[in-house]
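Chemist: Sharing upload.pdb below, PDB, C-alpha atoms, pLDDT in the B column:
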ATOM      1  CA  MET R 167      -9.033 -31.340  -0.298  1.00 46.00           C
ATOM      2  CA  LYS R 168      -7.849 -29.481   2.787  1.00 50.00           C
ATOM      3  CA  LYS R 169      -7.297 -25.721   2.535  1.00 64.00           C
ATOM      4  CA  ILE R 170      -4.284 -24.122   4.178  1.00 70.00           C
ATOM      5  CA  HIS R 171      -5.997 -20.760   4.591  1.00 73.00           C
ATOM      6  CA  SER R 172      -9.416 -20.096   6.100  1.00 81.00           C
ATOM      7  CA  PHE R 173      -9.768 -16.805   4.174  1.00 82.00           C
ATOM      8  CA  ASP R 174     -13.057 -16.922   2.254  1.00 82.00           C
ATOM      9  CA  GLU R 175     -12.311 -15.888  -1.327  1.00 85.00           C
ATOM     10  CA  VAL R 176     -15.713 -14.247  -1.760  1.00 86.00           C
ATOM     11  CA  PHE R 177     -17.034 -12.953   1.551  1.00 91.00           C
ATOM     12  CA  ASP R 178     -13.743 -12.071   3.261  1.00 89.00           C
ATOM     13  CA  SER R 179     -12.454 -10.473   0.042  1.00 91.00           C
ATOM     14  CA  GLN R 180     -15.539  -8.278  -0.209  1.00 94.00           C
ATOM     15  CA  LYS R 181     -15.368  -7.179   3.424  1.00 95.00           C
ATOM     16  CA  LEU R 182     -11.644  -6.449   3.283  1.00 96.00           C
ATOM     17  CA  PHE R 183     -12.000  -4.605  -0.032  1.00 96.00           C
ATOM     18  CA  ARG R 184     -14.618  -2.330   1.577  1.00 96.00           C
ATOM     19  CA  LEU R 185     -12.236  -1.608   4.467  1.00 96.00           C
ATOM     20  CA  ILE R 186      -9.394  -0.723   2.095  1.00 96.00           C
ATOM     21  CA  LEU R 187     -11.749   1.434   0.017  1.00 95.00           C
ATOM     22  CA  LYS R 188     -12.858   3.239   3.203  1.00 95.00           C
ATOM     23  CA  ALA R 189      -9.215   3.911   4.076  1.00 94.00           C
ATOM     24  CA  LEU R 190      -8.431   5.159   0.548  1.00 91.00           C
ATOM     25  CA  SER R 191     -11.444   7.461   0.574  1.00 89.00           C
ATOM     26  CA  ASN R 192     -10.578   8.872   3.994  1.00 90.00           C
ATOM     27  CA  PRO R 193      -6.832   9.547   4.224  1.00 89.00           C
ATOM     28  CA  LEU R 194      -5.214   8.646   7.576  1.00 88.00           C
ATOM     29  CA  THR R 195      -8.370   6.805   8.715  1.00 90.00           C
ATOM     30  CA  ARG R 196      -7.196   3.571  10.279  1.00 93.00           C
ATOM     31  CA  VAL R 197      -8.997   0.296   9.638  1.00 96.00           C
ATOM     32  CA  ASN R 198      -7.947  -2.955  11.253  1.00 97.00           C
ATOM     33  CA  ILE R 199      -7.400  -5.964   8.989  1.00 96.00           C
ATOM     34  CA  LYS R 200      -6.185  -8.415  11.651  1.00 95.00           C
ATOM     35  CA  GLU R 201      -9.344 -10.548  11.384  1.00 95.00           C
ATOM     36  CA  TYR R 202      -8.565 -11.213   7.712  1.00 94.00           C
ATOM     37  CA  ALA R 203      -4.787 -11.497   8.075  1.00 93.00           C
ATOM     38  CA  ASN R 204      -5.279 -14.155  10.770  1.00 92.00           C
ATOM     39  CA  LYS R 205      -7.139 -16.288   8.227  1.00 92.00           C
ATOM     40  CA  LEU R 206      -4.026 -16.514   6.052  1.00 89.00           C
ATOM     41  CA  VAL R 207      -0.962 -18.586   6.887  1.00 84.00           C
ATOM     42  CA  GLY R 208       2.380 -16.919   6.394  1.00 77.00           C
ATOM     43  CA  TYR R 209       4.956 -14.598   7.877  1.00 80.00           C
ATOM     44  CA  ASN R 210       3.513 -11.572   6.061  1.00 91.00           C
ATOM     45  CA  ALA R 211      -0.175 -12.401   6.494  1.00 93.00           C
ATOM     46  CA  ASP R 212      -1.128  -8.704   6.455  1.00 94.00           C
ATOM     47  CA  PHE R 213       0.603  -8.254   3.080  1.00 95.00           C
ATOM     48  CA  LEU R 214      -1.025 -11.466   1.843  1.00 94.00           C
ATOM     49  CA  ALA R 215      -4.507 -10.250   2.830  1.00 95.00           C
ATOM     50  CA  VAL R 216      -4.056  -6.995   0.912  1.00 96.00           C
ATOM     51  CA  ALA R 217      -2.549  -8.866  -2.055  1.00 95.00           C
ATOM     52  CA  PHE R 218      -5.405 -11.369  -2.060  1.00 92.00           C
ATOM     53  CA  VAL R 219      -7.907  -8.538  -2.460  1.00 95.00           C
ATOM     54  CA  LEU R 220      -6.069  -6.177  -4.831  1.00 95.00           C
ATOM     55  CA  LEU R 221      -4.048  -8.471  -7.098  1.00 95.00           C
ATOM     56  CA  ASP R 222      -5.075 -10.820  -9.871  1.00 93.00           C
ATOM     57  CA  ASN R 223      -3.601 -12.079 -13.134  1.00 93.00           C
ATOM     58  CA  GLU R 224      -4.170  -8.668 -14.794  1.00 94.00           C
ATOM     59  CA  VAL R 225      -1.752  -6.712 -12.564  1.00 96.00           C
ATOM     60  CA  SER R 226       1.873  -7.003 -11.502  1.00 96.00           C
ATOM     61  CA  PHE R 227       3.756  -6.666  -8.230  1.00 96.00           C
ATOM     62  CA  ASN R 228       7.216  -6.478  -6.689  1.00 95.00           C
ATOM     63  CA  THR R 229       8.302  -7.506  -3.193  1.00 95.00           C
ATOM     64  CA  CYS R 230      11.755  -5.902  -3.171  1.00 91.00           C
ATOM     65  CA  GLU R 231      13.667  -9.187  -3.373  1.00 87.00           C
ATOM     66  CA  ASN R 232      11.500 -10.980  -0.757  1.00 91.00           C
ATOM     67  CA  ARG R 233      11.316 -14.247  -2.697  1.00 92.00           C
ATOM     68  CA  HIS R 234       9.206 -16.090  -0.120  1.00 92.00           C
ATOM     69  CA  LEU R 235       6.544 -13.363  -0.146  1.00 93.00           C
ATOM     70  CA  SER R 236       6.645 -13.295  -3.967  1.00 94.00           C
ATOM     71  CA  GLU R 237       5.979 -17.020  -4.153  1.00 93.00           C
ATOM     72  CA  GLU R 238       3.090 -16.769  -1.690  1.00 92.00           C
ATOM     73  CA  ILE R 239       1.519 -13.881  -3.630  1.00 93.00           C
ATOM     74  CA  ILE R 240       1.887 -15.704  -6.943  1.00 93.00           C
ATOM     75  CA  SER R 241       0.255 -18.842  -5.545  1.00 89.00           C
ATOM     76  CA  LEU R 242      -2.663 -16.886  -4.050  1.00 89.00           C
ATOM     77  CA  THR R 243      -3.332 -14.353  -6.800  1.00 91.00           C
ATOM     78  CA  LEU R 244      -1.720 -15.599 -10.031  1.00 92.00           C
ATOM     79  CA  SER R 245      -0.327 -12.076 -10.409  1.00 94.00           C
ATOM     80  CA  LYS R 246       3.025 -11.691 -12.129  1.00 95.00           C
ATOM     81  CA  ARG R 247       6.229 -10.419 -10.560  1.00 95.00           C
ATOM     82  CA  GLU R 248       7.808  -7.441 -12.366  1.00 95.00           C
ATOM     83  CA  PRO R 249      10.743  -5.085 -11.767  1.00 95.00           C
ATOM     84  CA  ILE R 250       9.930  -2.037  -9.643  1.00 95.00           C
ATOM     85  CA  GLU R 251       9.706   0.174 -12.753  1.00 95.00           C
ATOM     86  CA  ASN R 252       6.817  -1.906 -14.134  1.00 95.00           C
ATOM     87  CA  ALA R 253       5.038  -3.093 -10.976  1.00 96.00           C
ATOM     88  CA  ASP R 254       1.501  -1.985 -10.205  1.00 96.00           C
ATOM     89  CA  TYR R 255       1.845  -2.897  -6.509  1.00 97.00           C
ATOM     90  CA  ILE R 256       5.079  -2.777  -4.520  1.00 97.00           C
ATOM     91  CA  PHE R 257       5.317  -4.418  -1.082  1.00 97.00           C
ATOM     92  CA  VAL R 258       7.934  -2.705   1.098  1.00 96.00           C
ATOM     93  CA  ASN R 259       9.299  -4.172   4.325  1.00 93.00           C
ATOM     94  CA  ASP R 260      12.669  -2.389   4.383  1.00 89.00           C
ATOM     95  CA  HIS R 261      12.376   1.388   4.768  1.00 88.00           C
ATOM     96  CA  ALA R 262      15.980   1.865   3.636  1.00 89.00           C
ATOM     97  CA  GLU R 263      14.791   0.952   0.123  1.00 91.00           C
ATOM     98  CA  LEU R 264      12.045   3.608  -0.022  1.00 93.00           C
ATOM     99  CA  LYS R 265      14.147   6.263  -1.752  1.00 94.00           C
ATOM    100  CA  ASN R 266      15.178   3.928  -4.576  1.00 94.00           C
ATOM    101  CA  ILE R 267      11.657   2.516  -4.916  1.00 94.00           C
ATOM    102  CA  ILE R 268       9.958   5.910  -5.131  1.00 92.00           C
ATOM    103  CA  GLU R 269      12.536   7.177  -7.636  1.00 93.00           C
ATOM    104  CA  ASN R 270      11.836   4.182  -9.884  1.00 94.00           C
ATOM    105  CA  ALA R 271       8.147   3.398  -9.329  1.00 93.00           C
ATOM    106  CA  LYS R 272       5.792   4.236 -12.156  1.00 92.00           C
ATOM    107  CA  HIS R 273       3.698   7.343 -11.531  1.00 89.00           C
ATOM    108  CA  GLY R 274       1.298   7.363 -14.452  1.00 84.00           C
ATOM    109  CA  THR R 275       1.106   9.836 -17.313  1.00 83.00           C
ATOM    110  CA  LEU R 276      -1.049  12.876 -17.908  1.00 85.00           C
ATOM    111  CA  MET R 277      -3.221  10.797 -20.249  1.00 86.00           C
ATOM    112  CA  ASP R 278      -3.245   7.719 -17.984  1.00 86.00           C
ATOM    113  CA  PRO R 279      -2.642   8.789 -14.370  1.00 80.00           C
ATOM    114  CA  HIS R 280      -4.125   5.503 -13.138  1.00 82.00           C
ATOM    115  CA  LYS R 281      -1.121   3.655 -14.564  1.00 88.00           C
ATOM    116  CA  SER R 282       0.847   4.367 -11.425  1.00 91.00           C
ATOM    117  CA  ALA R 283       2.166   2.232  -8.581  1.00 93.00           C
ATOM    118  CA  THR R 284       0.648   1.639  -5.184  1.00 95.00           C
ATOM    119  CA  LEU R 285       3.177   1.088  -2.406  1.00 96.00           C
ATOM    120  CA  ILE R 286       2.114  -1.130   0.485  1.00 97.00           C
ATOM    121  CA  VAL R 287       4.533  -0.245   3.280  1.00 96.00           C
ATOM    122  CA  LYS R 288       4.989  -1.887   6.685  1.00 95.00           C
ATOM    123  CA  ILE R 289       5.641   0.725   9.332  1.00 94.00           C
ATOM    124  CA  PRO R 290       6.756   0.552  12.973  1.00 90.00           C
ATOM    125  CA  ASP R 291       4.196   1.117  15.711  1.00 84.00           C
ATOM    126  CA  ASP R 292       5.893   4.304  16.941  1.00 83.00           C
ATOM    127  CA  GLN R 293       3.776   7.431  16.555  1.00 82.00           C
ATOM    128  CA  LYS R 294       6.413  10.068  17.116  1.00 82.00           C
ATOM    129  CA  SER R 295       5.723  12.297  14.105  1.00 84.00           C
ATOM    130  CA  THR R 296       2.892  14.749  13.668  1.00 86.00           C
ATOM    131  CA  LEU R 297       1.640  14.894  10.120  1.00 85.00           C
ATOM    132  CA  THR R 298      -0.726  17.425   8.525  1.00 85.00           C
ATOM    133  CA  LEU R 299      -2.292  16.535   5.181  1.00 86.00           C
ATOM    134  CA  LYS R 300      -4.396  18.405   2.606  1.00 85.00           C
ATOM    135  CA  GLY R 301      -6.203  17.158  -0.467  1.00 80.00           C
ATOM    136  CA  PRO R 302      -9.151  15.117  -1.724  1.00 80.00           C
ATOM    137  CA  GLY R 303     -11.072  13.341   1.024  1.00 76.00           C
ATOM    138  CA  ILE R 304      -9.936  15.865   3.639  1.00 82.00           C
ATOM    139  CA  ASN R 305     -12.066  18.793   4.751  1.00 84.00           C
ATOM    140  CA  GLY R 306      -9.504  21.595   5.066  1.00 85.00           C
ATOM    141  CA  SER R 307      -6.537  19.836   6.622  1.00 85.00           C
ATOM    142  CA  LEU R 308      -6.048  16.811   8.836  1.00 84.00           C
ATOM    143  CA  THR R 309      -3.430  16.363  11.545  1.00 86.00           C
ATOM    144  CA  ALA R 310      -2.514  13.012  13.080  1.00 87.00           C
ATOM    145  CA  LYS R 311       0.295  11.274  14.943  1.00 87.00           C
ATOM    146  CA  THR R 312       2.074   8.629  12.912  1.00 89.00           C
ATOM    147  CA  SER R 313       5.397   6.926  12.318  1.00 89.00           C
ATOM    148  CA  ALA R 314       8.377   8.902  11.046  1.00 88.00           C
ATOM    149  CA  VAL R 315       8.523   6.383   8.178  1.00 93.00           C
ATOM    150  CA  VAL R 316       5.193   7.725   6.869  1.00 92.00           C
ATOM    151  CA  GLU R 317       6.462  11.292   6.946  1.00 90.00           C
ATOM    152  CA  TYR R 318       9.682  10.202   5.210  1.00 92.00           C
ATOM    153  CA  ALA R 319       7.791   8.289   2.491  1.00 92.00           C
ATOM    154  CA  LEU R 320       5.494  11.247   1.814  1.00 91.00           C
ATOM    155  CA  GLN R 321       8.442  13.631   1.670  1.00 91.00           C
ATOM    156  CA  LEU R 322      10.203  11.411  -0.869  1.00 91.00           C
ATOM    157  CA  ARG R 323       7.056  11.290  -2.997  1.00 90.00           C
ATOM    158  CA  ASP R 324       6.358  15.026  -2.731  1.00 87.00           C
ATOM    159  CA  ASP R 325       9.985  15.848  -3.622  1.00 86.00           C
ATOM    160  CA  ARG R 326       9.373  14.311  -7.054  1.00 85.00           C
ATOM    161  CA  PHE R 327       6.896  17.134  -7.887  1.00 82.00           C
ATOM    162  CA  PHE R 328       4.507  15.009  -9.932  1.00 79.00           C
ATOM    163  CA  GLU R 329       2.300  16.995 -12.273  1.00 79.00           C
ATOM    164  CA  TYR R 330      -1.391  16.727 -11.400  1.00 81.00           C
ATOM    165  CA  PRO R 331      -2.966  14.071 -11.507  1.00 84.00           C
ATOM    166  CA  GLN R 332       0.131  11.836 -11.584  1.00 85.00           C
ATOM    167  CA  GLY R 333       1.621  10.305  -8.461  1.00 87.00           C
ATOM    168  CA  ILE R 334       2.032   7.275  -6.230  1.00 91.00           C
ATOM    169  CA  ASP R 335      -0.572   5.920  -3.797  1.00 93.00           C
ATOM    170  CA  TYR R 336       0.399   4.608  -0.355  1.00 94.00           C
ATOM    171  CA  ILE R 337      -1.092   1.934   1.850  1.00 97.00           C
ATOM    172  CA  PHE R 338       0.582   1.742   5.265  1.00 96.00           C
ATOM    173  CA  ILE R 339       0.238  -1.215   7.664  1.00 96.00           C
ATOM    174  CA  ASP R 340       1.525  -1.217  11.238  1.00 94.00           C
ATOM    175  CA  GLY R 341       2.408  -4.160  13.488  1.00 90.00           C
ATOM    176  CA  ASP R 342      -1.162  -4.416  14.833  1.00 92.00           C
ATOM    177  CA  CYS R 343      -2.590  -4.746  11.303  1.00 94.00           C
ATOM    178  CA  ASN R 344      -3.940  -1.204  11.312  1.00 95.00           C
ATOM    179  CA  LEU R 345      -4.098  -0.036   7.716  1.00 96.00           C
ATOM    180  CA  PHE R 346      -4.404   3.525   6.436  1.00 94.00           C
ATOM    181  CA  CYS R 347      -3.879   5.157   3.075  1.00 93.00           C
ATOM    182  CA  VAL R 348      -2.525   8.349   1.577  1.00 91.00           C
ATOM    183  CA  PRO R 349      -3.704   8.672  -2.042  1.00 90.00           C
ATOM    184  CA  ARG R 350      -1.511  10.297  -4.692  1.00 88.00           C
ATOM    185  CA  LEU R 351      -3.278  13.680  -4.647  1.00 83.00           C
ATOM    186  CA  VAL R 352      -3.067  14.108  -0.859  1.00 85.00           C
ATOM    187  CA  ARG R 353      -0.026  16.136   0.121  1.00 80.00           C
ATOM    188  CA  LYS R 354       1.847  16.882   3.286  1.00 79.00           C
ATOM    189  CA  GLU R 355       1.076  20.412   4.393  1.00 76.00           C
ATOM    190  CA  VAL R 356       4.114  22.559   4.963  1.00 63.00           C
ATOM    191  CA  VAL R 357       3.615  24.743   8.014  1.00 57.00           C
ATOM    192  CA  ALA R 358       5.610  27.968   7.747  1.00 48.00           C
TER     193      ALA R 358
END
Could you take the file, read its structure, and then write that structure out as structure tokens?
Modeler:
Amino acid sequence: MKKIHSFDEVFDSQKLFRLILKALSNPLTRVNIKEYANKLVGYNADFLAVAFVLLDNEVSFNTCENRHLSEEIISLTLSKREPIENADYIFVNDHAELKNIIENAKHGTLMDPHKSATLIVKIPDDQKSTLTLKGPGINGSLTAKTSAVVEYALQLRDDRFFEYPQGIDYIFIDGDCNLFCVPRLVRKEVVA
């Protein structure tokens, strides 16, 4: 039987999972996943690589009406597609949908804060915005150049005023397959 993908389900998954975990533990730290995305066939190979590692038949996802991506994720992970309100992972290609997605994505409860959504968002390569973050994984504060989409997404999330420890986690991926994360408890610092 010939395989379409050359992504190794064990070794590549472990290596990529460690990279994503490093990015989650160190907000705004960029890791490159191109090596793993190139081993998967498809238009959204970077999304597929992340899905391959994070999704299984125990969790749900939404691709914001991208049927082709949904079918690829289902065939790779056996995960189930759910409406945005119920999805554990939401793959976002269209930034115009962010406001609606964040307003409707699950954000956990005080008893079960882990029952929240993780948004995997494709961002443009522009780095025109300066962002300062504070929170777990950051010593003091951290300032970095990034896309205006990241700043917009964080503002939308922060405007919801989630009660600690509720919230929404972000994974951002740019056009060069650089991935970085902003966990739910990390907030944009407002400079007065």
Chemist: Which residues come within 12 Å of Tyr318 (chain R), counting only C-alpha atoms, excluding same-chain residues fewer than 4 positions away, as a list in words?
Modeler: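 Listing them by chain and then by number gives His261, Ala262, Glu263, Leu264, Lys265, Ile268, Val287, Ile289, Ser295, Thr296, Leu297, Thr312, Ser313, Ala314, Leu322, Arg323, Asp324, Asp325 and Lys354 of chain R.
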Chemist: Tell me which protein, DNA and RNA residues are within 12 Å of Asn305 (chain R), counting only C-alpha atoms, leaving out same-chain ones fewer than 3 positions away, and put them as a VMD selection string.
Modeler: chain R and resid 192 to 193 299 to 302 308 to 309 352
Chemist: Can you spell out as an mmCIF file with C-alpha atoms, in the coordinates of the input the set of residues that the PyMOL selection byres ((chain R and resi 327-330) around 10) selects in the structure I just provided?
Modeler:
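Below is the file selection-v5.cif, written as the result:
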data_model
loop_
_atom_site.group_PDB
_atom_site.id
_atom_site.type_symbol
_atom_site.label_atom_id
_atom_site.label_comp_id
_atom_site.auth_asym_id
_atom_site.auth_seq_id
_atom_site.Cartn_x
_atom_site.Cartn_y
_atom_site.Cartn_z
ATOM 1 C CA HIS R 273 3.698 7.343 -11.531
ATOM 2 C CA GLY R 274 1.298 7.363 -14.452
ATOM 3 C CA THR R 275 1.106 9.836 -17.313
ATOM 4 C CA LEU R 276 -1.049 12.876 -17.908
ATOM 5 C CA PRO R 279 -2.642 8.789 -14.370
ATOM 6 C CA LEU R 322 10.203 11.411 -0.869
ATOM 7 C CA ARG R 323 7.056 11.290 -2.997
ATOM 8 C CA ASP R 324 6.358 15.026 -2.731
ATOM 9 C CA ASP R 325 9.985 15.848 -3.622
ATOM 10 C CA ARG R 326 9.373 14.311 -7.054
ATOM 11 C CA PRO R 331 -2.966 14.071 -11.507
ATOM 12 C CA GLN R 332 0.131 11.836 -11.584
ATOM 13 C CA GLY R 333 1.621 10.305 -8.461
ATOM 14 C CA ILE R 334 2.032 7.275 -6.230
ATOM 15 C CA ARG R 350 -1.511 10.297 -4.692
ATOM 16 C CA LEU R 351 -3.278 13.680 -4.647
#
Chemist: Specify as a list in words each residue included when the PyMOL selection byres ((chain R and resi 196) around 9) is applied to this file.
Modeler: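 When the PyMOL selection byres ((chain R and resi 196) around 9) is applied to the shown file, the picked residues are Ala189, Asn192, Pro193, Leu194, Thr195, Val197, Asn198, Asn344, Leu345, Phe346 and Cys347 of chain R.
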Chemist: One decimal, in Å: what's the spacing between CA of His234 (chain R) and CA of Leu214 (chain R)?
Modeler: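 Taking CA of His234 (chain R) and CA of Leu214 (chain R), their separation equals 11.4 Å.
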Chemist: Give as a VMD selection string the residues that the PyMOL selection byres ((chain R and resi 245-256) around 10) matches when applied to the coordinates above.
Modeler: chain R and resid 217 to 218 220 to 231 236 to 237 239 to 244 257 to 259 266 to 273 280 to 287 335 to 336
Chemist: I need the residue nearest Asp291 (chain R) from this list: R:Asp342, R:Asp212, R:Asp260, R:Glu175. Use only C-alpha atoms for the distance.
Modeler: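 Ranked by minimum distance to Asp291 (chain R), first place goes to R:Asp342.
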Chemist: If I take CA of Val316 (chain R) and CA of Ala211 (chain R), how far is one from the other in Å, to one decimal?
Modeler: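 Distance reported for this atom pair: 20.8 Å.
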Chemist: Between CA of Val176 (chain R) and CA of Asn232 (chain R), what is the distance in Å, rounded to a tenth?
Modeler: 27.4 Å
Chemist: Which is closest to Lys294 (chain R) among R:Arg233, R:Lys311, R:Lys200, R:Arg184, if we use only C-alpha atoms?
Modeler: R:Lys311
Chemist: Counting only C-alpha atoms, figure out which residue out of R:Gln321, R:Glu355, R:Cys343, R:Lys205 gets nearest to Asp174 (chain R).
Modeler: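 That would be R:Lys205, the residue with the smallest distance to Asp174 (chain R).
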Chemist: Can you tell me, as lines of an AutoDock Vina configuration file, the centre and edge lengths (Å, one decimal) of the axis-aligned box enclosing all of region 193-207 of chain R's listed atoms after padding each side by 5 Å?
Modeler:
center_x = -5.2
center_y = -4.5
center_z = 7.9
size_x = 18.4
size_y = 38.1
size_z = 17.4
Chemist: For region 214-233 of chain R, which lacks atoms in the input, supply N, CA and C atoms and format the output as a PDB file, in the coordinates of the input.
Modeler:
ATOM      1  N   LEU R 214      -0.291 -10.475   2.623  1.00 94.00           N
ATOM      2  CA  LEU R 214      -1.025 -11.466   1.843  1.00 94.00           C
ATOM      3  C   LEU R 214      -2.512 -11.117   1.750  1.00 94.00           C
ATOM      4  N   ALA R 215      -3.083 -10.625   2.842  1.00 95.00           N
ATOM      5  CA  ALA R 215      -4.507 -10.250   2.830  1.00 95.00           C
ATOM      6  C   ALA R 215      -4.757  -9.127   1.830  1.00 95.00           C
ATOM      7  N   VAL R 216      -3.910  -8.108   1.853  1.00 96.00           N
ATOM      8  CA  VAL R 216      -4.056  -6.995   0.912  1.00 96.00           C
ATOM      9  C   VAL R 216      -3.835  -7.495  -0.520  1.00 96.00           C
ATOM     10  N   ALA R 217      -2.832  -8.323  -0.718  1.00 95.00           N
ATOM     11  CA  ALA R 217      -2.549  -8.866  -2.055  1.00 95.00           C
ATOM     12  C   ALA R 217      -3.723  -9.700  -2.551  1.00 95.00           C
ATOM     13  N   PHE R 218      -4.289 -10.506  -1.685  1.00 92.00           N
ATOM     14  CA  PHE R 218      -5.405 -11.369  -2.060  1.00 92.00           C
ATOM     15  C   PHE R 218      -6.567 -10.556  -2.618  1.00 92.00           C
ATOM     16  N   VAL R 219      -6.783  -9.378  -2.051  1.00 95.00           N
ATOM     17  CA  VAL R 219      -7.907  -8.538  -2.460  1.00 95.00           C
ATOM     18  C   VAL R 219      -7.589  -7.680  -3.685  1.00 95.00           C
ATOM     19  N   LEU R 220      -6.381  -7.145  -3.783  1.00 95.00           N
ATOM     20  CA  LEU R 220      -6.069  -6.177  -4.831  1.00 95.00           C
ATOM     21  C   LEU R 220      -5.418  -6.766  -6.083  1.00 95.00           C
ATOM     22  N   LEU R 221      -4.796  -7.920  -5.968  1.00 95.00           N
ATOM     23  CA  LEU R 221      -4.048  -8.471  -7.098  1.00 95.00           C
ATOM     24  C   LEU R 221      -4.806  -9.604  -7.789  1.00 95.00           C
ATOM     25  N   ASP R 222      -4.588  -9.697  -9.086  1.00 93.00           N
ATOM     26  CA  ASP R 222      -5.075 -10.820  -9.871  1.00 93.00           C
ATOM     27  C   ASP R 222      -4.131 -10.999 -11.052  1.00 93.00           C
ATOM     28  N   ASN R 223      -4.514 -11.806 -12.025  1.00 93.00           N
ATOM     29  CA  ASN R 223      -3.601 -12.079 -13.134  1.00 93.00           C
ATOM     30  C   ASN R 223      -3.503 -10.934 -14.137  1.00 93.00           C
ATOM     31  N   GLU R 224      -4.210  -9.834 -13.903  1.00 94.00           N
ATOM     32  CA  GLU R 224      -4.170  -8.668 -14.794  1.00 94.00           C
ATOM     33  C   GLU R 224      -3.163  -7.608 -14.341  1.00 94.00           C
ATOM     34  N   VAL R 225      -2.670  -7.718 -13.103  1.00 96.00           N
ATOM     35  CA  VAL R 225      -1.752  -6.712 -12.564  1.00 96.00           C
ATOM     36  C   VAL R 225      -0.441  -7.360 -12.152  1.00 96.00           C
ATOM     37  N   SER R 226       0.550  -6.510 -11.873  1.00 96.00           N
ATOM     38  CA  SER R 226       1.873  -7.003 -11.502  1.00 96.00           C
ATOM     39  C   SER R 226       2.269  -6.474 -10.128  1.00 96.00           C
ATOM     40  N   PHE R 227       3.303  -7.069  -9.563  1.00 96.00           N
ATOM     41  CA  PHE R 227       3.756  -6.666  -8.230  1.00 96.00           C
ATOM     42  C   PHE R 227       5.259  -6.852  -8.117  1.00 96.00           C
ATOM     43  N   ASN R 228       5.812  -6.292  -7.039  1.00 95.00           N
ATOM     44  CA  ASN R 228       7.216  -6.478  -6.689  1.00 95.00           C
ATOM     45  C   ASN R 228       7.297  -6.527  -5.174  1.00 95.00           C
ATOM     46  N   THR R 229       8.152  -7.385  -4.644  1.00 95.00           N
ATOM     47  CA  THR R 229       8.302  -7.506  -3.193  1.00 95.00           C
ATOM     48  C   THR R 229       9.690  -7.106  -2.720  1.00 95.00           C
ATOM     49  N   CYS R 230      10.424  -6.388  -3.548  1.00 91.00           N
ATOM     50  CA  CYS R 230      11.755  -5.902  -3.171  1.00 91.00           C
ATOM     51  C   CYS R 230      12.666  -7.050  -2.725  1.00 91.00           C
ATOM     52  N   GLU R 231      12.763  -8.049  -3.577  1.00 87.00           N
ATOM     53  CA  GLU R 231      13.667  -9.187  -3.373  1.00 87.00           C
ATOM     54  C   GLU R 231      13.228 -10.141  -2.262  1.00 87.00           C
ATOM     55  N   ASN R 232      11.998 -10.038  -1.755  1.00 91.00           N
ATOM     56  CA  ASN R 232      11.500 -10.980  -0.757  1.00 91.00           C
ATOM     57  C   ASN R 232      10.897 -12.167  -1.520  1.00 91.00           C
ATOM     58  N   ARG R 233      11.728 -13.135  -1.848  1.00 92.00           N
ATOM     59  CA  ARG R 233      11.316 -14.247  -2.697  1.00 92.00           C
ATOM     60  C   ARG R 233      10.185 -15.068  -2.085  1.00 92.00           C
TER      61      ARG R 233
END
